[in-house]
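For reference, final-v5.csv (CSV, C-alpha atoms and all ligand atoms):
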```csv
chain,number,residue,atom,x,y,z
D,1,MET,CA,-137.7,6.9,-75.9
D,2,LEU,CA,-134.6,9.0,-76.4
D,3,SER,CA,-134.3,10.7,-79.7
D,4,HIS,CA,-131.5,10.2,-82.1
D,5,ARG,CA,-130.7,13.9,-82.0
D,6,TRP,CA,-130.5,13.8,-78.2
D,7,PHE,CA,-128.2,10.9,-78.4
D,8,GLN,CA,-126.0,12.7,-80.9
D,9,ARG,CA,-125.8,15.7,-78.7
D,10,LYS,CA,-125.1,13.7,-75.6
D,11,SER,CA,-122.4,11.7,-77.3
D,12,ALA,CA,-120.7,14.8,-78.5
D,13,ALA,CA,-120.8,16.3,-75.0
D,14,LEU,CA,-119.4,13.1,-73.4
D,15,VAL,CA,-116.6,12.9,-75.9
D,16,ALA,CA,-115.8,16.5,-75.3
D,17,GLU,CA,-115.7,15.8,-71.5
D,18,ARG,CA,-113.3,12.9,-72.0
D,19,THR,CA,-110.9,15.1,-74.0
D,20,ALA,CA,-111.4,18.4,-72.3
D,21,ASP,CA,-108.3,18.2,-70.1
D,22,PRO,CA,-105.6,20.1,-71.9
D,23,HIS,CA,-102.9,17.8,-70.6
D,24,VAL,CA,-104.5,14.4,-70.0
D,25,ASP,CA,-105.3,13.2,-73.5
D,26,ALA,CA,-106.0,9.5,-73.2
D,27,PHE,CA,-107.5,9.4,-76.7
D,28,GLY,CA,-104.7,11.2,-78.5
D,29,GLY,CA,-104.5,14.6,-80.1
D,30,GLN,CA,-106.6,13.6,-83.1
D,31,ALA,CA,-109.4,12.4,-81.0
D,32,ARG,CA,-109.4,15.6,-79.1
D,33,GLU,CA,-109.7,17.6,-82.3
D,34,VAL,CA,-112.6,15.3,-83.4
D,35,ALA,CA,-114.3,15.9,-80.1
D,36,PHE,CA,-114.1,19.6,-80.3
D,37,ALA,CA,-115.2,19.5,-84.0
D,38,ALA,CA,-118.3,17.5,-82.8
D,39,LEU,CA,-119.0,19.9,-80.0
D,40,HIS,CA,-118.8,22.9,-82.4
D,41,GLN,CA,-120.9,21.1,-85.0
D,42,ARG,CA,-123.5,20.7,-82.3
D,43,LEU,CA,-123.3,24.4,-81.5
D,44,ASP,CA,-123.2,25.3,-85.1
D,45,SER,CA,-126.2,23.2,-86.0
D,46,ARG,CA,-128.6,25.8,-84.7
D,47,PRO,CA,-127.4,29.0,-86.5
D,48,GLY,CA,-128.7,32.1,-84.8
D,49,GLN,CA,-129.8,30.1,-81.8
D,50,PRO,CA,-126.8,29.4,-79.7
D,51,LEU,CA,-127.6,27.1,-76.8
D,52,PRO,CA,-128.3,29.2,-73.7
D,53,MET,CA,-125.5,29.1,-71.2
D,54,ASN,CA,-126.8,28.3,-67.7
D,55,PRO,CA,-123.7,28.4,-65.4
D,56,SER,CA,-125.6,27.5,-62.2
D,57,PRO,CA,-125.5,23.7,-62.5
D,58,LEU,CA,-121.8,23.9,-63.5
D,59,ILE,CA,-121.0,26.1,-60.5
D,60,GLY,CA,-123.0,23.7,-58.4
D,61,HIS,CA,-120.7,20.9,-59.7
D,62,LEU,CA,-117.6,22.9,-58.8
D,63,ARG,CA,-119.0,23.5,-55.3
D,64,ARG,CA,-119.7,19.8,-54.7
D,65,THR,CA,-116.1,18.9,-55.7
D,66,ALA,CA,-114.9,21.1,-52.8
D,67,GLU,CA,-116.7,18.6,-50.6
D,68,VAL,CA,-116.0,15.4,-52.6
D,69,ILE,CA,-112.2,15.7,-52.6
D,70,PRO,CA,-111.9,16.2,-48.7
D,71,ALA,CA,-114.4,13.3,-48.3
D,72,LEU,CA,-112.5,11.0,-50.7
D,73,THR,CA,-109.2,11.7,-48.9
D,74,ALA,CA,-110.3,12.0,-45.3
D,75,GLU,CA,-109.2,8.5,-44.2
D,76,VAL,CA,-106.1,8.2,-46.4
D,77,ASP,CA,-102.9,7.7,-44.4
D,78,ASP,CA,-99.5,8.9,-45.3
D,79,GLU,CA,-98.4,5.7,-47.1
D,80,GLN,CA,-101.4,5.6,-49.3
D,81,ALA,CA,-101.3,9.3,-50.0
D,82,ARG,CA,-97.9,8.9,-51.6
D,83,TRP,CA,-98.5,5.5,-53.2
D,84,ARG,CA,-98.1,5.5,-57.0
D,85,PRO,CA,-99.3,2.3,-58.7
D,86,ARG,CA,-96.3,2.7,-61.0
D,87,PRO,CA,-93.4,5.1,-60.9
D,88,ASP,CA,-94.9,7.1,-63.8
D,89,GLN,CA,-98.4,7.3,-62.4
D,90,TRP,CA,-99.7,9.9,-59.9
D,91,SER,CA,-100.4,9.4,-56.2
D,92,ILE,CA,-103.4,10.9,-54.4
D,93,ILE,CA,-101.2,13.8,-53.2
D,94,ASP,CA,-100.1,14.4,-56.8
D,95,VAL,CA,-103.7,14.5,-57.9
D,96,VAL,CA,-104.8,16.9,-55.2
D,97,SER,CA,-101.9,19.2,-55.7
D,98,HIS,CA,-102.5,19.2,-59.4
D,99,LEU,CA,-106.2,20.2,-58.9
D,100,THR,CA,-105.0,23.1,-56.7
D,101,ASP,CA,-102.5,24.4,-59.3
D,102,GLU,CA,-105.0,23.9,-62.1
D,103,GLU,CA,-107.5,25.9,-60.2
D,104,SER,CA,-105.5,29.1,-60.1
D,105,ARG,CA,-103.0,28.8,-62.9
D,106,ASP,CA,-105.3,27.2,-65.6
D,107,PHE,CA,-109.1,27.3,-65.2
D,108,ARG,CA,-109.7,30.5,-63.2
D,109,THR,CA,-107.1,32.4,-65.1
D,110,ARG,CA,-108.2,31.2,-68.5
D,111,VAL,CA,-111.9,31.8,-67.9
D,112,ASP,CA,-111.1,35.2,-66.6
D,113,LEU,CA,-109.0,36.0,-69.7
D,114,THR,CA,-111.6,34.6,-72.1
D,115,LEU,CA,-114.4,36.7,-70.5
D,116,HIS,CA,-112.5,39.9,-70.1
D,117,ARG,CA,-109.4,39.9,-72.5
D,118,PRO,CA,-110.2,37.1,-75.0
D,119,GLY,CA,-107.5,38.2,-77.5
D,120,GLU,CA,-104.7,37.9,-74.9
D,121,VAL,CA,-102.2,35.0,-75.1
D,122,TRP,CA,-102.7,32.6,-72.3
D,123,PRO,CA,-99.9,32.1,-69.8
D,124,ALA,CA,-98.3,28.7,-70.4
D,125,ILE,CA,-99.1,25.8,-68.2
D,126,ASP,CA,-97.2,22.5,-67.8
D,127,PRO,CA,-98.9,20.3,-65.3
D,128,GLU,CA,-96.8,17.2,-65.9
D,129,ARG,CA,-93.6,19.2,-65.2
D,130,TRP,CA,-95.2,20.9,-62.1
D,131,VAL,CA,-95.7,17.4,-60.5
D,132,LYS,CA,-92.0,16.7,-60.6
D,133,GLU,CA,-90.4,20.1,-60.3
D,134,GLU,CA,-92.6,21.3,-57.5
D,135,ARG,CA,-92.3,17.9,-55.7
D,136,TYR,CA,-95.9,17.3,-55.0
D,137,ILE,CA,-95.1,13.9,-53.6
D,138,GLU,CA,-93.2,15.5,-50.7
D,139,ARG,CA,-96.2,17.5,-49.5
D,140,GLU,CA,-98.7,16.8,-46.7
D,141,LEU,CA,-102.0,15.5,-47.9
D,142,ALA,CA,-104.2,17.3,-45.3
D,143,ALA,CA,-102.5,20.6,-46.1
D,144,GLU,CA,-102.9,20.0,-49.9
D,145,VAL,CA,-106.6,19.2,-49.5
D,146,GLU,CA,-107.2,22.3,-47.5
D,147,ARG,CA,-105.2,24.4,-50.1
D,148,PHE,CA,-107.5,23.0,-52.8
D,149,ARG,CA,-110.6,23.7,-50.8
D,150,LEU,CA,-109.6,27.3,-50.2
D,151,GLU,CA,-108.7,27.8,-53.9
D,152,ARG,CA,-112.0,26.3,-54.9
D,153,MET,CA,-114.0,28.6,-52.5
D,154,HIS,CA,-112.1,31.6,-53.9
D,155,SER,CA,-113.1,30.5,-57.5
D,156,LEU,CA,-116.7,30.1,-56.4
D,157,ASP,CA,-116.8,33.6,-54.9
D,158,TRP,CA,-115.2,34.9,-58.0
D,159,LEU,CA,-117.7,33.1,-60.3
D,160,ARG,CA,-120.7,34.3,-58.3
D,161,GLY,CA,-119.4,37.8,-58.4
D,162,LEU,CA,-119.1,38.1,-62.1
D,163,ASN,CA,-121.2,40.9,-63.5
D,164,SER,CA,-123.4,39.6,-66.4
D,165,PRO,CA,-120.6,37.5,-68.0
D,166,ASP,CA,-120.9,36.7,-71.7
D,167,TRP,CA,-120.2,33.0,-71.8
D,168,THR,CA,-120.0,33.1,-75.6
D,169,ARG,CA,-116.9,35.2,-75.7
D,170,SER,CA,-114.1,33.0,-77.2
D,171,HIS,CA,-110.4,32.6,-77.3
D,172,GLN,CA,-108.5,31.1,-80.3
D,173,HIS,CA,-106.4,28.3,-78.9
D,174,PRO,CA,-103.5,27.4,-81.1
D,175,SER,CA,-104.1,23.7,-81.2
D,176,VAL,CA,-107.8,23.1,-80.3
D,177,GLY,CA,-109.3,26.2,-82.0
D,178,THR,CA,-112.1,28.3,-80.7
D,179,LEU,CA,-112.9,27.9,-77.1
D,180,THR,CA,-115.7,29.9,-75.5
D,181,ALA,CA,-115.8,30.9,-71.8
D,182,GLY,CA,-118.7,28.5,-71.5
D,183,ASP,CA,-116.6,25.6,-73.0
D,184,LEU,CA,-114.0,26.4,-70.4
D,185,LEU,CA,-116.4,26.5,-67.5
D,186,ALA,CA,-117.9,23.1,-68.6
D,187,SER,CA,-114.3,21.8,-69.0
D,188,TRP,CA,-113.5,22.9,-65.5
D,189,VAL,CA,-116.3,20.6,-64.3
D,190,ALA,CA,-115.2,17.8,-66.6
D,191,HIS,CA,-111.7,18.1,-65.3
D,192,ASP,CA,-112.9,17.7,-61.7
D,193,LEU,CA,-114.7,14.5,-62.8
D,194,ILE,CA,-111.5,13.1,-64.4
D,195,HIS,CA,-109.6,13.5,-61.2
D,196,VAL,CA,-112.4,12.4,-58.9
D,197,ARG,CA,-112.4,9.2,-61.0
D,198,GLN,CA,-108.6,9.0,-60.7
D,199,VAL,CA,-108.7,9.2,-56.9
D,200,THR,CA,-111.4,6.6,-56.9
D,201,ARG,CA,-109.3,4.4,-59.1
D,202,LEU,CA,-106.3,4.9,-56.8
D,203,HIS,CA,-108.5,3.7,-53.9
D,204,ARG,CA,-109.5,0.6,-55.9
D,205,GLU,CA,-106.0,-0.2,-56.8
D,206,TYR,CA,-104.6,0.4,-53.3
D,207,LEU,CA,-107.3,-1.9,-51.9
D,208,GLU,CA,-105.8,-4.7,-53.9
D,209,THR,CA,-102.5,-4.2,-52.1
D,210,VAL,CA,-103.8,-4.2,-48.6
D,211,VAL,CA,-106.4,-7.0,-48.5
D,212,ALA,CA,-105.2,-10.4,-47.2
D,213,PRO,CA,-103.7,-12.7,-49.8
D,214,GLY,CA,-106.4,-14.7,-51.5
D,215,THR,CA,-109.1,-12.2,-50.7
D,216,ARG,CA,-111.5,-12.0,-53.7
D,217,ILE,CA,-112.9,-8.6,-54.5
D,218,GLY,CA,-114.3,-9.6,-57.8
D,219,TYR,CA,-117.7,-10.0,-56.2
D,220,ALA,CA,-117.9,-6.2,-56.3
D,221,GLY,CA,-118.4,-6.4,-60.1
D,222,ARG,CA,-116.2,-5.4,-63.0
D,223,TRP,CA,-114.2,-2.2,-62.4
H,1,NI,NI,-105.8,17.4,-64.9
```
Please express the file's structure as structure tokens.
Amino acid sequence: MLSHRWFQRKSAALVAERTADPHVDAFGGQAREVAFAALHQRLDSRPGQPLPMNPSPLIGHLRRTAEVIPALTAEVDDEQARWRPRPDQWSIIDVVSHLTDEESRDFRTRVDLTLHRPGEVWPAIDPERWVKEERYIERELAAEVERFRLERMHSLDWLRGLNSPDWTRSHQHPSVGTLTAGDLLASWVAHDLIHVRQVTRLHREYLETVVAPGTRIGYAGRW
């Protein structure tokens, strides 16, 4: 039987995952602050005994995403790659290009700064603007997937090459407060999962547009 304490800790971690993306905030800013407060309460509940940071499973997740994204996009044709369910929603190309830019300009940069120069102001990011200004939609999916894979391999080499990193080093974020390097590494994984889910949802929604009229897909179960 699962303990109440385990459930509390798991819930806090799940909420933190949902809100870890600095630009996709489906639950609103207040919910994100609550999530981080819950996460920190969990960490603070054991004074003098911080949870040990084991980066290996997290790095394993990041490695698997380098295989999952190519697999999820391998059979996607040009029309589907650029398909947006609504004009204000992202296509598969948008998502993959976003992951690539986040890799270098957000996560790797910010983990590096937090580990090695935690007091430094982070370079600004604006992923929503990048999608439009850098015309992700006009790119070629296969090239974008390969660009992501190479950036991810570079990140993995970099992470594995870190010399005794202190994952408890922290950066003061102006809106979300204290973020440790460990928080950021876990958020990097959570961000992958958000966008793997998004690509999967795009497959599900596109399926509805290509099956013959009258085809019933509800037999699959609730989405
Ligand atoms: Ni994102």
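Among the candidates D:His98, D:Arg149, D:Arg86, D:Arg117, the one nearest to ligand NI 1 (chain H) when counting all atoms listed in the file is D:His98.
Nearest-residue note for Thr114 of chain D: choosing from D:Val210, D:Val199, D:Ala186, D:Ala181, the minimum distance belongs to D:Ala181, counting only C-alpha atoms.
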Notebook entry, point to check: For the atom pair atom CA of Glu128 of chain D and atom CA of His116 of chain D, what is the interatomic distance in Å to one decimal place?
Noted result: 27.9 Å
Margin query: Could you list, as JSON, numbers by chain, every residue within 8 Å of segment 194-196 of chain D, counting only C-alpha atoms and ignoring same-chain residues fewer than 5 positions away?
Written below: {"D": [18, 68, 69, 95, 99]}
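With only C-alpha atoms taken into account, the protein and nucleic acid residues at most 9 Å from segment 157-159 of chain D (excluding it and anything under 5 positions from it in its own chain) are Ile59, Arg108 and Arg152 of chain D.
Relative to atom CA of Gln172 of chain D, atom CA of Leu58 of chain D is found at 22.6 Å.
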Neighbourhood query: residues within 10 Å of (-108.7, 22.1, -62.3), file coordinates, counting all atoms listed in the file; return as a compact mmCIF listing (two decimals) with C-alpha atoms, in the frame of the given file.
```
# COMPACT_ATOMS: atom_id res chain seq x y z
CA ASP D 21 -108.30 18.20 -70.10
CA LEU D 62 -117.60 22.90 -58.80
CA VAL D 96 -104.80 16.90 -55.20
CA SER D 97 -101.90 19.20 -55.70
CA HIS D 98 -102.50 19.20 -59.40
CA LEU D 99 -106.20 20.20 -58.90
CA THR D 100 -105.00 23.10 -56.70
CA ASP D 101 -102.50 24.40 -59.30
CA GLU D 102 -105.00 23.90 -62.10
CA GLU D 103 -107.50 25.90 -60.20
CA SER D 104 -105.50 29.10 -60.10
CA ARG D 105 -103.00 28.80 -62.90
CA ASP D 106 -105.30 27.20 -65.60
CA PHE D 107 -109.10 27.30 -65.20
CA ARG D 108 -109.70 30.50 -63.20
CA PHE D 148 -107.50 23.00 -52.80
CA ARG D 152 -112.00 26.30 -54.90
CA SER D 187 -114.30 21.80 -69.00
CA TRP D 188 -113.50 22.90 -65.50
CA VAL D 189 -116.30 20.60 -64.30
CA ALA D 190 -115.20 17.80 -66.60
CA HIS D 191 -111.70 18.10 -65.30
CA ASP D 192 -112.90 17.70 -61.70
CA LEU D 193 -114.70 14.50 -62.80
CA ILE D 194 -111.50 13.10 -64.40
CA HIS D 195 -109.60 13.50 -61.20
```
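The closest residue to ligand NI 1 (chain H), picked from D:Arg204, D:Arg222, D:Arg160, D:Arg197 and counting only C-alpha atoms and all ligand atoms, is D:Arg197.
Computed from the coordinates, the atom CA of Gln198 of chain D to atom CA of Met53 of chain D distance equals 28.3 Å.
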Please, what is the axis-aligned box for every listed atom of segment 66-84 of chain D with 5 Å on each side, as centre and edge lengths in Å to one decimal, as AutoDock Vina command-line options?
```
--center_x -107.3 --center_y 13.3 --center_z -50.6 --size_x 28.8 --size_y 25.6 --size_z 22.8
```
Please provide the set of residues having any atom within 7 Å of segment 132-138 of chain D, restricted to all atoms listed in the file, with same-chain residues fewer than 5 positions apart removed, written as a short mmCIF file (atom, residue, chain, number, x, y, z; two decimals) with C-alpha atoms, keeping the file's coordinate frame.
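Listed below is the output, result.cif:
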```cif
data_model
loop_
_atom_site.label_atom_id
_atom_site.label_comp_id
_atom_site.auth_asym_id
_atom_site.auth_seq_id
_atom_site.Cartn_x
_atom_site.Cartn_y
_atom_site.Cartn_z
CA ARG D 82 -97.90 8.90 -51.60
CA ILE D 93 -101.20 13.80 -53.20
CA ASP D 94 -100.10 14.40 -56.80
CA SER D 97 -101.90 19.20 -55.70
#
```
Check: Which residue gives the smallest distance to Thr180 of chain D among D:Arg110, D:Arg64, D:Arg84, D:His203, with all atoms listed in the file counted?
Finding: D:Arg110
